[in-house]
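Q: Pasting input_19.txt here (compact mmCIF, C-alpha atoms and all ligand atoms):
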```txt
# COMPACT_ATOMS: atom_id res chain seq x y z
CA MET A 422 -21.09 18.98 -8.45
CA ARG A 423 -19.84 15.60 -9.69
CA LEU A 424 -17.17 14.23 -7.38
CA VAL A 425 -15.27 11.26 -8.81
CA LEU A 426 -13.04 9.14 -6.55
CA LEU A 427 -10.40 7.26 -8.54
CA GLY A 428 -9.05 4.23 -6.66
CA GLY A 429 -10.40 2.64 -3.51
CA GLY A 430 -7.38 2.83 -1.23
CA HIS A 431 -7.06 3.65 2.48
CA ALA A 432 -7.92 7.33 2.10
CA HIS A 433 -11.05 6.87 -0.02
CA ALA A 434 -12.32 4.05 2.17
CA ALA A 435 -12.20 6.45 5.11
CA ALA A 436 -13.45 9.46 3.13
CA LEU A 437 -16.50 7.57 1.80
CA ARG A 438 -17.93 7.38 5.30
CA GLU A 439 -18.13 11.17 5.36
CA LEU A 440 -19.41 11.88 1.86
CA ARG A 441 -22.99 10.72 2.27
CA GLY A 442 -25.51 12.78 0.35
CA LYS A 443 -23.01 14.01 -2.26
CA ASP A 444 -22.98 13.15 -5.96
CA VAL A 445 -20.10 10.70 -5.72
CA THR A 446 -18.80 8.08 -8.15
CA LEU A 447 -16.08 5.64 -7.08
CA VAL A 448 -13.94 3.91 -9.70
CA THR A 449 -11.93 0.94 -8.46
CA PRO A 450 -11.07 -2.44 -9.99
CA TYR A 451 -12.31 -4.67 -7.17
CA PRO A 452 -15.30 -4.60 -4.80
CA HIS A 453 -12.90 -4.89 -1.88
CA HIS A 454 -9.69 -3.21 -0.73
CA THR A 455 -6.89 -5.37 0.67
CA TYR A 456 -5.29 -3.84 3.74
CA SER A 457 -1.50 -3.86 3.33
CA GLY A 458 -0.76 -3.88 7.06
CA MET A 459 -2.26 -7.37 7.34
CA LEU A 460 -1.11 -8.82 4.03
CA PRO A 461 2.13 -10.33 5.39
CA GLY A 462 0.02 -11.78 8.24
CA PHE A 463 -2.19 -13.44 5.63
CA VAL A 464 0.89 -14.86 3.86
CA ALA A 465 2.15 -16.12 7.25
CA GLY A 466 -1.19 -17.89 7.79
CA HIS A 467 -2.43 -15.74 10.70
CA TYR A 468 -5.45 -14.26 8.90
CA ARG A 469 -8.13 -15.34 6.49
CA LEU A 470 -8.60 -13.33 3.32
CA ASP A 471 -11.91 -11.86 4.48
CA GLU A 472 -10.18 -10.57 7.64
CA ILE A 473 -7.72 -8.41 5.69
CA ARG A 474 -10.23 -6.94 3.24
CA ILE A 475 -12.45 -3.90 3.41
CA ASP A 476 -15.77 -4.16 1.61
CA ILE A 477 -15.40 -1.05 -0.52
CA ALA A 478 -18.54 -1.82 -2.57
CA GLY A 479 -20.57 -1.97 0.66
CA LEU A 480 -19.05 1.30 1.85
CA ALA A 481 -19.94 2.97 -1.46
CA ALA A 482 -23.51 1.65 -1.22
CA ARG A 483 -23.90 2.95 2.35
CA ALA A 484 -22.57 6.36 1.24
CA GLY A 485 -25.05 6.43 -1.66
CA ALA A 486 -22.11 6.58 -4.11
CA LYS A 487 -22.20 5.08 -7.57
CA LEU A 488 -19.65 2.28 -7.92
CA VAL A 489 -17.88 1.66 -11.23
CA LEU A 490 -15.75 -1.48 -11.17
CA GLY A 491 -12.93 -0.66 -13.57
CA ARG A 492 -9.37 0.47 -13.90
CA VAL A 493 -8.43 4.01 -14.86
CA ALA A 494 -6.11 3.98 -17.89
CA ALA A 495 -5.75 7.73 -18.43
CA LEU A 496 -6.79 11.08 -17.07
CA ASP A 497 -7.08 14.30 -19.01
CA ALA A 498 -6.86 17.06 -16.44
CA ALA A 499 -7.50 19.75 -19.08
CA THR A 500 -10.93 18.38 -20.09
CA ARG A 501 -11.66 16.76 -16.69
CA VAL A 502 -12.22 13.26 -17.99
CA ALA A 503 -10.99 9.90 -16.69
CA ARG A 504 -10.79 7.06 -19.20
CA LEU A 505 -11.11 3.47 -18.08
CA GLU A 506 -9.44 0.39 -19.56
CA ASP A 507 -12.82 -0.84 -20.81
CA GLY A 508 -13.30 2.33 -22.88
CA GLN A 509 -15.71 4.15 -20.52
CA SER A 510 -15.20 7.89 -20.01
CA ILE A 511 -16.11 9.54 -16.72
CA GLU A 512 -16.40 13.31 -16.47
CA TYR A 513 -15.87 15.15 -13.21
CA ASP A 514 -16.10 18.59 -11.66
CA ARG A 515 -13.90 17.52 -8.79
CA ALA A 516 -11.73 14.41 -8.69
CA SER A 517 -9.74 12.68 -6.00
CA LEU A 518 -6.95 10.20 -6.64
CA ASN A 519 -6.11 7.42 -4.17
CA LEU A 520 -4.57 4.93 -6.56
CA GLY A 521 -1.64 3.67 -4.54
CA SER A 522 1.65 2.74 -6.17
CA GLU A 523 3.14 -0.21 -8.01
CA SER A 524 6.17 -2.36 -7.27
CA ASN A 525 7.55 -1.86 -10.78
CA ALA A 526 8.75 -5.45 -10.94
CA PRO A 527 10.71 -6.77 -13.89
CA ALA A 528 9.30 -9.63 -15.97
CA HIS A 529 9.67 -13.07 -14.27
CA ALA A 530 9.24 -11.54 -10.78
CA LEU A 531 6.00 -11.35 -8.82
CA ALA A 532 5.21 -7.76 -7.81
CA ALA A 533 4.18 -7.35 -4.17
CA LYS A 534 1.87 -4.55 -5.37
CA PRO A 535 -0.81 -4.39 -6.65
CA PHE A 536 -2.12 -6.84 -4.08
CA GLU A 537 -4.84 -8.72 -5.98
CA PRO A 538 -2.59 -10.29 -8.66
CA PHE A 539 0.00 -10.92 -5.93
CA LEU A 540 -2.53 -12.82 -3.80
CA GLU A 541 -3.84 -14.82 -6.74
CA HIS A 542 -0.32 -15.94 -7.68
CA TRP A 543 0.69 -16.60 -4.08
CA LEU A 544 -2.36 -18.76 -3.37
CA ASP A 545 -1.50 -20.82 -6.41
CA ALA A 546 2.23 -21.13 -5.59
CA LYS A 547 2.41 -21.34 -1.79
CA ASP A 548 2.14 -25.12 -1.46
CA ARG A 549 4.77 -26.00 -4.04
CA VAL A 550 7.57 -23.43 -3.71
CA LYS A 551 10.84 -24.79 -2.34
CA SER A 552 12.97 -21.70 -2.84
CA VAL A 553 11.78 -18.10 -2.71
CA ALA A 554 13.71 -14.86 -3.18
CA VAL A 555 12.41 -11.53 -1.95
CA VAL A 556 13.99 -8.43 -3.48
CA GLY A 557 13.94 -5.26 -1.39
CA ALA A 558 14.50 -5.18 2.36
CA GLY A 559 12.30 -2.30 3.42
CA ALA A 560 9.38 -3.06 5.76
CA ALA A 561 7.37 -4.80 3.01
CA GLY A 562 10.26 -7.02 1.92
CA VAL A 563 11.39 -8.12 5.38
CA GLU A 564 7.81 -8.81 6.49
CA LEU A 565 7.06 -10.83 3.37
CA ALA A 566 10.31 -12.80 3.58
CA MET A 567 9.64 -13.81 7.21
CA ALA A 568 5.98 -14.53 6.44
CA VAL A 569 6.94 -16.89 3.60
CA ALA A 570 9.53 -18.59 5.81
CA HIS A 571 6.93 -19.02 8.55
CA ARG A 572 4.19 -20.39 6.29
CA THR A 573 6.22 -22.68 4.00
CA PRO A 574 9.21 -25.00 4.27
CA ALA A 575 10.83 -23.05 1.41
CA ARG A 576 14.38 -21.73 1.58
CA VAL A 577 13.96 -17.93 1.66
CA THR A 578 16.62 -15.43 0.53
CA LEU A 579 16.24 -11.67 1.00
CA TYR A 580 18.20 -9.32 -1.26
CA SER A 581 19.02 -5.88 0.07
CA ASP A 582 21.05 -3.32 -1.87
CA ARG A 583 21.22 -0.74 0.93
CA PRO A 584 20.31 -0.27 4.61
CA MET A 585 16.67 0.76 5.03
CA PHE A 586 16.48 1.15 8.81
CA ARG A 587 18.43 2.95 11.48
CA ALA A 588 21.12 0.81 13.12
CA ALA A 589 19.25 -0.34 16.25
CA VAL A 590 16.20 -1.47 14.25
CA ALA A 591 18.36 -3.03 11.53
CA ARG A 592 20.04 -5.18 14.21
CA ARG A 593 16.67 -6.36 15.54
CA ILE A 594 15.55 -7.16 12.00
CA ALA A 595 18.77 -9.04 11.22
CA ARG A 596 18.26 -11.20 14.33
CA ALA A 597 14.61 -11.82 13.48
CA LEU A 598 15.54 -12.85 9.93
CA GLN A 599 18.10 -15.25 11.31
CA ARG A 600 15.58 -16.77 13.74
CA SER A 601 13.14 -17.17 10.86
CA GLY A 602 15.75 -18.92 8.75
CA VAL A 603 15.79 -16.17 6.11
CA GLU A 604 19.17 -15.69 4.48
CA LEU A 605 19.91 -11.97 4.15
CA ARG A 606 22.09 -10.92 1.22
CA ALA A 607 22.98 -7.43 2.45
CA GLY A 608 24.63 -4.99 0.05
CA THR A 609 23.58 -7.11 -2.92
CA ALA A 610 21.83 -5.25 -5.72
CA VAL A 611 19.76 -7.41 -8.06
CA SER A 612 20.55 -6.29 -11.60
CA ALA A 613 18.06 -8.51 -13.45
CA VAL A 614 15.57 -11.34 -13.12
CA GLN A 615 15.80 -13.78 -15.98
CA GLU A 616 13.43 -16.51 -17.04
CA GLY A 617 13.46 -19.36 -14.53
CA PRO A 618 13.19 -17.19 -12.49
CA VAL A 619 16.92 -16.58 -12.10
CA ILE A 620 18.28 -13.69 -10.06
CA VAL A 621 21.31 -11.93 -11.46
CA ALA A 622 23.32 -9.99 -8.85
CA GLY A 623 26.75 -8.82 -9.91
CA SER A 624 28.52 -11.80 -11.43
CA THR A 625 26.31 -14.39 -9.68
CA GLN A 626 23.17 -16.09 -10.91
CA GLU A 627 20.77 -18.09 -8.75
CA ALA A 628 17.55 -19.90 -9.64
CA PHE A 629 14.43 -19.82 -7.45
CA ASP A 630 10.90 -21.18 -7.71
CA LEU A 631 9.52 -17.70 -7.05
CA VAL A 632 10.96 -14.17 -6.94
CA ILE A 633 8.87 -11.61 -5.04
CA TRP A 634 9.66 -7.98 -5.91
CA ALA A 635 9.16 -5.61 -2.99
CA ALA A 636 11.69 -2.93 -3.92
CA GLY A 637 10.27 0.55 -3.91
CA ALA A 638 7.03 2.24 -4.86
CA ALA A 639 6.56 3.47 -8.43
CA PRO A 640 3.75 5.71 -9.67
CA LEU A 641 1.06 4.55 -12.09
CA PRO A 642 2.66 5.32 -15.46
CA TRP A 643 -0.26 7.29 -16.95
CA LEU A 644 -0.15 9.96 -14.21
CA ARG A 645 2.74 11.63 -16.04
CA GLU A 646 0.64 12.07 -19.17
CA SER A 647 -2.42 13.39 -17.31
CA GLY A 648 -1.36 17.04 -17.43
CA LEU A 649 -1.24 17.13 -13.62
CA ALA A 650 2.00 18.47 -12.16
CA THR A 651 4.08 15.59 -10.81
CA ASP A 652 7.30 15.22 -8.84
CA GLU A 653 10.43 13.98 -10.62
CA ARG A 654 9.34 10.35 -10.18
CA GLY A 655 5.83 10.88 -11.56
CA PHE A 656 3.72 11.06 -8.36
CA VAL A 657 1.05 13.78 -8.28
CA LEU A 658 2.38 16.92 -6.63
CA VAL A 659 -0.09 18.31 -4.06
CA ASP A 660 -0.18 21.34 -1.79
CA ASP A 661 -0.86 21.19 1.94
CA ARG A 662 -4.61 20.94 1.23
CA LEU A 663 -3.89 17.74 -0.76
CA ARG A 664 -4.91 19.58 -3.98
CA SER A 665 -2.95 19.22 -7.19
CA VAL A 666 -0.61 22.19 -7.44
CA SER A 667 -1.56 22.56 -11.12
CA HIS A 668 -5.30 21.66 -11.04
CA PRO A 669 -6.95 22.60 -7.73
CA GLU A 670 -10.14 20.67 -8.59
CA VAL A 671 -8.06 17.47 -8.37
CA PHE A 672 -7.07 16.05 -4.99
CA ALA A 673 -4.63 13.21 -4.38
CA ALA A 674 -3.80 11.19 -1.28
CA GLY A 675 -1.80 8.18 -0.18
CA ASP A 676 1.09 6.72 -2.15
CA CYS A 677 0.10 8.37 -5.45
CA ALA A 678 0.61 11.88 -4.00
CA THR A 679 3.76 13.77 -3.02
CA LEU A 680 3.42 16.74 -0.70
CA ARG A 681 5.22 19.76 -2.17
CA GLY A 682 8.06 20.89 0.07
CA ALA A 683 7.56 18.11 2.62
CA PRO A 684 7.70 14.71 0.91
CA HIS A 685 7.34 11.75 3.26
CA PRO A 686 7.71 7.98 2.81
CA LYS A 687 5.09 6.09 0.81
CA SER A 688 3.41 4.18 3.59
CA GLY A 689 -0.07 3.28 4.70
CA VAL A 690 0.36 5.24 7.93
CA TYR A 691 0.44 8.48 5.91
CA ALA A 692 -2.37 7.38 3.59
CA VAL A 693 -4.58 6.96 6.66
CA ARG A 694 -3.60 10.39 7.99
CA HIS A 695 -4.34 11.98 4.59
CA ALA A 696 -7.83 10.52 4.77
CA GLU A 697 -8.94 12.77 7.63
CA VAL A 698 -8.01 15.96 5.78
CA LEU A 699 -9.12 14.64 2.39
CA ALA A 700 -12.63 13.80 3.60
CA HIS A 701 -13.05 17.30 4.97
CA ASN A 702 -11.62 19.02 1.88
CA LEU A 703 -13.73 17.01 -0.56
CA ARG A 704 -16.86 18.33 1.10
CA ASP A 705 -17.51 21.99 0.34
CA GLY A 706 -16.21 24.55 2.78
CA GLN A 707 -12.90 25.87 4.00
CA PRO A 708 -10.16 23.41 3.02
CA ARG A 709 -8.06 22.22 5.93
CA ARG A 710 -4.28 21.94 5.93
CA TYR A 711 -2.50 18.64 6.15
CA VAL A 712 0.41 18.75 8.56
CA PRO A 713 2.52 15.59 8.29
CA GLN A 714 3.30 13.95 11.60
CA ARG A 715 6.95 14.30 12.51
CA ARG A 716 7.41 10.66 13.43
CA ALA A 717 5.46 7.67 12.30
CA LEU A 718 4.89 4.47 14.23
CA ALA A 719 6.42 1.51 12.39
CA LEU A 720 5.34 -1.99 13.39
CA ILE A 721 7.16 -4.78 11.60
CA SER A 722 5.80 -8.30 11.83
CA CYS A 723 8.34 -11.12 11.88
CA GLY A 724 6.53 -14.15 10.49
CA ALA A 725 5.76 -15.85 13.76
CA ARG A 726 3.56 -13.89 16.16
CA HIS A 727 6.45 -11.57 16.98
CA ALA A 728 6.93 -7.94 15.89
CA ILE A 729 9.32 -5.00 16.17
CA VAL A 730 8.20 -1.46 16.97
CA ASP A 731 10.14 1.62 15.90
CA TRP A 732 8.92 4.96 17.13
CA GLY A 733 10.64 8.26 17.73
CA GLY A 734 14.14 6.86 18.10
CA MET A 735 13.07 3.99 20.37
CA SER A 736 12.55 0.38 19.45
CA ALA A 737 11.33 -2.79 21.14
CA GLU A 738 10.09 -6.22 20.13
CA GLY A 739 8.22 -9.25 21.30
CA ALA A 740 4.97 -11.17 21.15
CA TRP A 741 3.29 -8.23 22.90
CA VAL A 742 4.23 -5.94 19.97
CA TRP A 743 2.62 -8.40 17.58
CA ARG A 744 -0.56 -8.49 19.68
CA TRP A 745 -0.56 -4.67 19.74
CA LYS A 746 -0.16 -4.50 15.95
CA ASP A 747 -2.82 -7.17 15.52
CA ARG A 748 -5.29 -5.14 17.63
CA ILE A 749 -4.58 -1.91 15.70
CA ASP A 750 -4.91 -3.63 12.32
CA ARG A 751 -8.08 -5.56 13.19
CA ARG A 752 -9.69 -2.43 14.63
CA TRP A 753 -8.86 -0.50 11.46
CA VAL A 754 -10.47 -3.08 9.14
CA GLU A 755 -13.41 -3.74 11.44
CA GLY A 756 -14.15 -0.01 11.55
CA PHE A 757 -15.38 -0.34 7.96
CA ARG A 758 -17.80 -3.23 8.52
CA ALA A 759 -21.50 -2.53 8.14
CA PRO A 760 -23.18 -1.87 11.48
CA ALA A 761 -24.99 -4.98 12.72
CA GLY A 762 -28.72 -5.15 12.04
C1 LIG A 801 3.66 -6.28 1.58
C2 LIG A 801 3.44 -4.86 2.00
C3 LIG A 801 3.22 -4.58 3.34
C4 LIG A 801 3.04 -3.27 3.76
N1 LIG A 801 2.80 -3.06 5.08
C5 LIG A 801 2.63 -1.80 5.51
C6 LIG A 801 2.40 -1.55 6.90
O1 LIG A 801 2.37 -2.45 7.73
N2 LIG A 801 2.23 -0.25 7.29
C7 LIG A 801 2.26 0.77 6.39
O2 LIG A 801 2.09 1.93 6.80
N3 LIG A 801 2.48 0.57 5.09
C8 LIG A 801 2.66 -0.70 4.61
N4 LIG A 801 2.90 -0.91 3.28
C9 LIG A 801 2.85 0.22 2.35
C10 LIG A 801 1.38 0.40 1.96
O3 LIG A 801 0.96 -0.71 1.21
C11 LIG A 801 1.08 1.59 1.12
O4 LIG A 801 1.79 2.72 1.55
C12 LIG A 801 -0.42 1.88 1.21
O5 LIG A 801 -1.12 0.76 0.69
C13 LIG A 801 -0.79 3.11 0.46
O6 LIG A 801 -2.16 3.29 0.57
P1 LIG A 801 -2.99 3.95 -0.59
O7 LIG A 801 -4.35 4.15 -0.04
O8 LIG A 801 -2.27 5.10 -1.15
O9 LIG A 801 -2.99 2.87 -1.78
P2 LIG A 801 -3.46 1.35 -1.85
O10 LIG A 801 -3.67 0.78 -0.53
O11 LIG A 801 -2.47 0.67 -2.74
O12 LIG A 801 -4.83 1.45 -2.62
C14 LIG A 801 -4.90 1.87 -3.95
C15 LIG A 801 -6.22 1.48 -4.52
O13 LIG A 801 -6.33 1.96 -5.86
C16 LIG A 801 -6.78 0.92 -6.72
N5 LIG A 801 -6.21 1.13 -8.05
C17 LIG A 801 -4.94 0.89 -8.45
N6 LIG A 801 -4.79 1.20 -9.75
C18 LIG A 801 -5.99 1.66 -10.17
C19 LIG A 801 -6.47 2.15 -11.42
N7 LIG A 801 -5.69 2.21 -12.51
N8 LIG A 801 -7.76 2.55 -11.49
C20 LIG A 801 -8.57 2.48 -10.39
N9 LIG A 801 -8.16 2.04 -9.19
C21 LIG A 801 -6.89 1.63 -9.08
C22 LIG A 801 -6.28 -0.36 -6.07
O14 LIG A 801 -7.03 -1.47 -6.47
C23 LIG A 801 -6.44 -0.03 -4.60
O15 LIG A 801 -7.73 -0.33 -4.16
C24 LIG A 801 3.09 -2.21 2.82
C25 LIG A 801 3.34 -2.49 1.48
C26 LIG A 801 3.53 -3.79 1.05
C27 LIG A 801 3.83 -4.08 -0.41
```
Have the structure of the file written as structure tokens, please.

A:
Amino acid sequence: MRLVLLGGGHAHAAALRELRGKDVTLVTPYPHHTYSGMLPGFVAGHYRLDEIRIDIAGLAARAGAKLVLGRVAALDAATRVARLEDGQSIEYDRASLNLGSESNAPAHALAAKPFEPFLEHWLDAKDRVKSVAVVGAGAAGVELAMAVAHRTPARVTLYSDRPMFRAAVARRIARALQRSGVELRAGTAVSAVQEGPVIVAGSTQEAFDLVIWAAGAAPLPWLRESGLATDERGFVLVDDRLRSVSHPEVFAAGDCATLRGAPHPKSGVYAVRHAEVLAHNLRDGQPRRYVPQRRALALISCGARHAIVDWGGMSAEGAWVWRWKDRIDRRWVEGFRAPAG
């Protein structure tokens, strides 16, 4: 049975460790996977690039999987074929999708996701930007805004069209933004980004050296045309076994999947939890059910080595929270390193 893993995200990185001895092909554009939890820490200057990356090519090699470096451009669920941007076709008996999501940024803005083009642009721009706007004040946006403010002398402005956190956490975040020198434009929807880049919000226009777009997670556009059932936004609709509700030989996990009847936020915490069930269900045998956790631990880094924790209606903050997050994140990435010797 030919098992094809499309995308090398959190779930497939974890699943690969348990798929040794199977006929597995992994298709992913880069030999590494950048871990989102540590990306703002890289922007803030706390980590080196190699510390926030998982060697996905090495993982594939250790699992005996064939690695195809490429980007999927289309999937035909009826004929069970994935087509890559370079023209290659890959047939499968069983496929698994862990492709993440995109930031869906307008032209003239730098999308926070996918991470590789973001990093390339950031590395080029970081030493010359004097004014940076971040659009979207969810966890990704607030972390990136504070990371930029920590790492550069740039004036940083964060645009937020609506509250993204419960009141107690929002207050902590507002104070942290203030301490970091980030100007929060609350209740300000960005209607366009023009060449410059210039942000248009209502009747105002403001020019920046760089606009980072961190507002929302959009599906890869070709998923809608794949024949797989999707939710109304275009994410693959899966059952509680993480199988496509229309094509049970196709599995999906992480941001690119929506659980039928129990949708949850698109966040890495869930992608990691999917991995445990996905790995089991991709091997033959009785498929296991995925039961979403009722509350997820949110750790928000605040530029300097300070972080906020939000869990089950309680919140706290401090340097100790940052050290806790740092330990969790490092342990996660290090868990994928090749054993010594
Ligand atoms: C700045 C930032 C910070 C964040 N911090 C956190 C955090 O601290 N905690 C948290 O829980 N969540 C965080 N998130 C959200 C988190 O990034 C996502 O929820 C998480 O990455 C989803 O994991 P995934 O495995 O589904 O996809 P991803 O991690 O995005 O992996 C998808 C993989 O698929 C590959 N791929 C993409 N397109 C194709 C294609 N066409 N063909 C083949 N392969 C493809 C990519 O290269 C990538 O390797 C953050 C997001 C951002 C933008």

Q: Pick the closest to Ala674 of chain A from A:Pro584, A:Gly562, A:Gly429, A:Gly733: which is it, counting only C-alpha atoms?

A: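 Under the stated criterion, the closest residue is A:Gly429.
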
Q: Can you tell me, as a ChimeraX atom specification, what residues are no more than 6 Å from segment 652-666 of chain A when counting all atoms listed in the file, ignoring any on the same chain fewer than 6 positions away?

A: /A:640,645,672-673,677-681,709-711

Q: Would you mind listing, for every residue of chain A within 6 Å of ligand LIG 801 (chain A), the two atoms forming the shortest contact and the distance between them in Å to one decimal, using only C-alpha atoms and all ligand atoms, sorted by chain and ascending residue number, as a Markdown table?

A:
```
| residue | atom | partner | partner_atom | distance |
| --- | --- | --- | --- | --- |
| A:Leu427 | CA | A:LIG801 | C20 | 5.4 |
| A:Gly428 | CA | A:LIG801 | N9 | 3.5 |
| A:Gly429 | CA | A:LIG801 | O15 | 4.0 |
| A:Gly430 | CA | A:LIG801 | O12 | 3.2 |
| A:His431 | CA | A:LIG801 | O7 | 3.7 |
| A:Ala432 | CA | A:LIG801 | O7 | 5.2 |
| A:Val448 | CA | A:LIG801 | C20 | 5.6 |
| A:Thr449 | CA | A:LIG801 | N9 | 4.0 |
| A:Pro450 | CA | A:LIG801 | N9 | 5.4 |
| A:His454 | CA | A:LIG801 | O15 | 4.9 |
| A:Ser457 | CA | A:LIG801 | O3 | 4.5 |
| A:Gly458 | CA | A:LIG801 | O1 | 3.5 |
| A:Leu460 | CA | A:LIG801 | C1 | 5.9 |
| A:Pro461 | CA | A:LIG801 | C1 | 5.8 |
| A:Arg492 | CA | A:LIG801 | N8 | 3.6 |
| A:Val493 | CA | A:LIG801 | N8 | 3.7 |
| A:Ala494 | CA | A:LIG801 | N7 | 5.7 |
| A:Asn519 | CA | A:LIG801 | O8 | 5.4 |
| A:Leu520 | CA | A:LIG801 | O13 | 3.5 |
| A:Gly521 | CA | A:LIG801 | O9 | 3.2 |
| A:Ser522 | CA | A:LIG801 | O11 | 5.7 |
| A:Ala533 | CA | A:LIG801 | C27 | 5.0 |
| A:Lys534 | CA | A:LIG801 | C27 | 5.4 |
| A:Ala561 | CA | A:LIG801 | C2 | 4.1 |
| A:Leu565 | CA | A:LIG801 | C1 | 6.0 |
| A:Gly675 | CA | A:LIG801 | O8 | 3.3 |
| A:Asp676 | CA | A:LIG801 | O8 | 3.9 |
| A:Cys677 | CA | A:LIG801 | O8 | 5.9 |
| A:Lys687 | CA | A:LIG801 | O4 | 4.8 |
| A:Ser688 | CA | A:LIG801 | O4 | 3.0 |
| A:Gly689 | CA | A:LIG801 | O2 | 3.3 |
| A:Val690 | CA | A:LIG801 | O2 | 3.9 |
| A:Ala692 | CA | A:LIG801 | O6 | 5.1 |
```

Q: Could those selected residues go to a file with C-alpha atoms, as a short mmCIF file (atom, residue, chain, number, x, y, z; two decimals), in the frame of the given file?

A:
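The new file result-v9.cif reads:
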```cif
data_model
loop_
_atom_site.label_atom_id
_atom_site.label_comp_id
_atom_site.auth_asym_id
_atom_site.auth_seq_id
_atom_site.Cartn_x
_atom_site.Cartn_y
_atom_site.Cartn_z
CA LEU A 427 -10.40 7.26 -8.54
CA GLY A 428 -9.05 4.23 -6.66
CA GLY A 429 -10.40 2.64 -3.51
CA GLY A 430 -7.38 2.83 -1.23
CA HIS A 431 -7.06 3.65 2.48
CA ALA A 432 -7.92 7.33 2.10
CA VAL A 448 -13.94 3.91 -9.70
CA THR A 449 -11.93 0.94 -8.46
CA PRO A 450 -11.07 -2.44 -9.99
CA HIS A 454 -9.69 -3.21 -0.73
CA SER A 457 -1.50 -3.86 3.33
CA GLY A 458 -0.76 -3.88 7.06
CA LEU A 460 -1.11 -8.82 4.03
CA PRO A 461 2.13 -10.33 5.39
CA ARG A 492 -9.37 0.47 -13.90
CA VAL A 493 -8.43 4.01 -14.86
CA ALA A 494 -6.11 3.98 -17.89
CA ASN A 519 -6.11 7.42 -4.17
CA LEU A 520 -4.57 4.93 -6.56
CA GLY A 521 -1.64 3.67 -4.54
CA SER A 522 1.65 2.74 -6.17
CA ALA A 533 4.18 -7.35 -4.17
CA LYS A 534 1.87 -4.55 -5.37
CA ALA A 561 7.37 -4.80 3.01
CA LEU A 565 7.06 -10.83 3.37
CA GLY A 675 -1.80 8.18 -0.18
CA ASP A 676 1.09 6.72 -2.15
CA CYS A 677 0.10 8.37 -5.45
CA LYS A 687 5.09 6.09 0.81
CA SER A 688 3.41 4.18 3.59
CA GLY A 689 -0.07 3.28 4.70
CA VAL A 690 0.36 5.24 7.93
CA ALA A 692 -2.37 7.38 3.59
#
```

Q: Do you know which residues are at most 7 Å from segment 620-636 of chain A counting all atoms listed in the file, after dropping those on the same chain fewer than 3 positions away, and could you put them as JSON, numbers by chain?

A: {"A": [524, 526, 530, 531, 532, 533, 550, 551, 552, 553, 554, 555, 556, 557, 561, 562, 609, 610, 611, 612, 613, 614, 615, 617]}

Q: Using Å and a single decimal, report how far atom CA of Leu598 of chain A sits from atom CA of Arg716 of chain A.

A: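 Distance between the two atoms: 25.1 Å.
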
Q: If we count all atoms listed in the file, what is near Ala719 of chain A at a cut-off of 9 Å, once residues fewer than 6 positions away on the same chain are taken out, given as a list in words?

A: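 Once the nearby chain positions are removed, what remains is Ala560, Val690, Ile729, Val730, Asp731 and Trp732 of chain A.
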
Q: Please report the interatomic distance between atom CA of Asp582 of chain A and atom CA of Ala546 of chain A in Å with one decimal.

A: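 Interatomic distance here is 26.2 Å.
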
Q: Take atom CA of Arg592 of chain A and atom CA of Val563 of chain A and report the distance between them in Å, one decimal.

A: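 If I compute the distance from atom CA of Arg592 of chain A to atom CA of Val563 of chain A, I get 12.7 Å.
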
Q: If I put a ball of radius 9 Å at (-10.6, 12.5, 0.0) in the file's coordinates, which residues poke into it when counting all atoms listed in the file, written as a PyMOL selection string?

A: chain A and resi 426+432-437+516-519+663+672-674+695-704

Q: Just checking: using all atoms listed in the file, which residue out of A:Val425, A:Ala481, A:Met459, A:Leu496 ends up closest to Leu644 of chain A?

A: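 Using all atoms listed in the file, Leu644 of chain A sits closest to A:Leu496.
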
Q: With all atoms listed in the file as the counted atoms, please give the residues lying no more than 12 Å from Arg758 of chain A, apart from itself and same-chain residues fewer than 2 positions off, as a PyMOL selection string.

A: chain A and resi 434-435+438+453+471-481+483+751-756+760-762

Q: Go ahead and save the picked residues with C-alpha atoms, as an mmCIF file, in the coordinates of the input.

A:
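Output file result35.cif follows:
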```cif
data_model
loop_
_atom_site.group_PDB
_atom_site.id
_atom_site.type_symbol
_atom_site.label_atom_id
_atom_site.label_comp_id
_atom_site.auth_asym_id
_atom_site.auth_seq_id
_atom_site.Cartn_x
_atom_site.Cartn_y
_atom_site.Cartn_z
ATOM 1 C CA ALA A 434 -12.320 4.050 2.170
ATOM 2 C CA ALA A 435 -12.200 6.450 5.110
ATOM 3 C CA ARG A 438 -17.930 7.380 5.300
ATOM 4 C CA HIS A 453 -12.900 -4.890 -1.880
ATOM 5 C CA ASP A 471 -11.910 -11.860 4.480
ATOM 6 C CA GLU A 472 -10.180 -10.570 7.640
ATOM 7 C CA ILE A 473 -7.720 -8.410 5.690
ATOM 8 C CA ARG A 474 -10.230 -6.940 3.240
ATOM 9 C CA ILE A 475 -12.450 -3.900 3.410
ATOM 10 C CA ASP A 476 -15.770 -4.160 1.610
ATOM 11 C CA ILE A 477 -15.400 -1.050 -0.520
ATOM 12 C CA ALA A 478 -18.540 -1.820 -2.570
ATOM 13 C CA GLY A 479 -20.570 -1.970 0.660
ATOM 14 C CA LEU A 480 -19.050 1.300 1.850
ATOM 15 C CA ALA A 481 -19.940 2.970 -1.460
ATOM 16 C CA ARG A 483 -23.900 2.950 2.350
ATOM 17 C CA ARG A 751 -8.080 -5.560 13.190
ATOM 18 C CA ARG A 752 -9.690 -2.430 14.630
ATOM 19 C CA TRP A 753 -8.860 -0.500 11.460
ATOM 20 C CA VAL A 754 -10.470 -3.080 9.140
ATOM 21 C CA GLU A 755 -13.410 -3.740 11.440
ATOM 22 C CA GLY A 756 -14.150 -0.010 11.550
ATOM 23 C CA PRO A 760 -23.180 -1.870 11.480
ATOM 24 C CA ALA A 761 -24.990 -4.980 12.720
ATOM 25 C CA GLY A 762 -28.720 -5.150 12.040
#
```
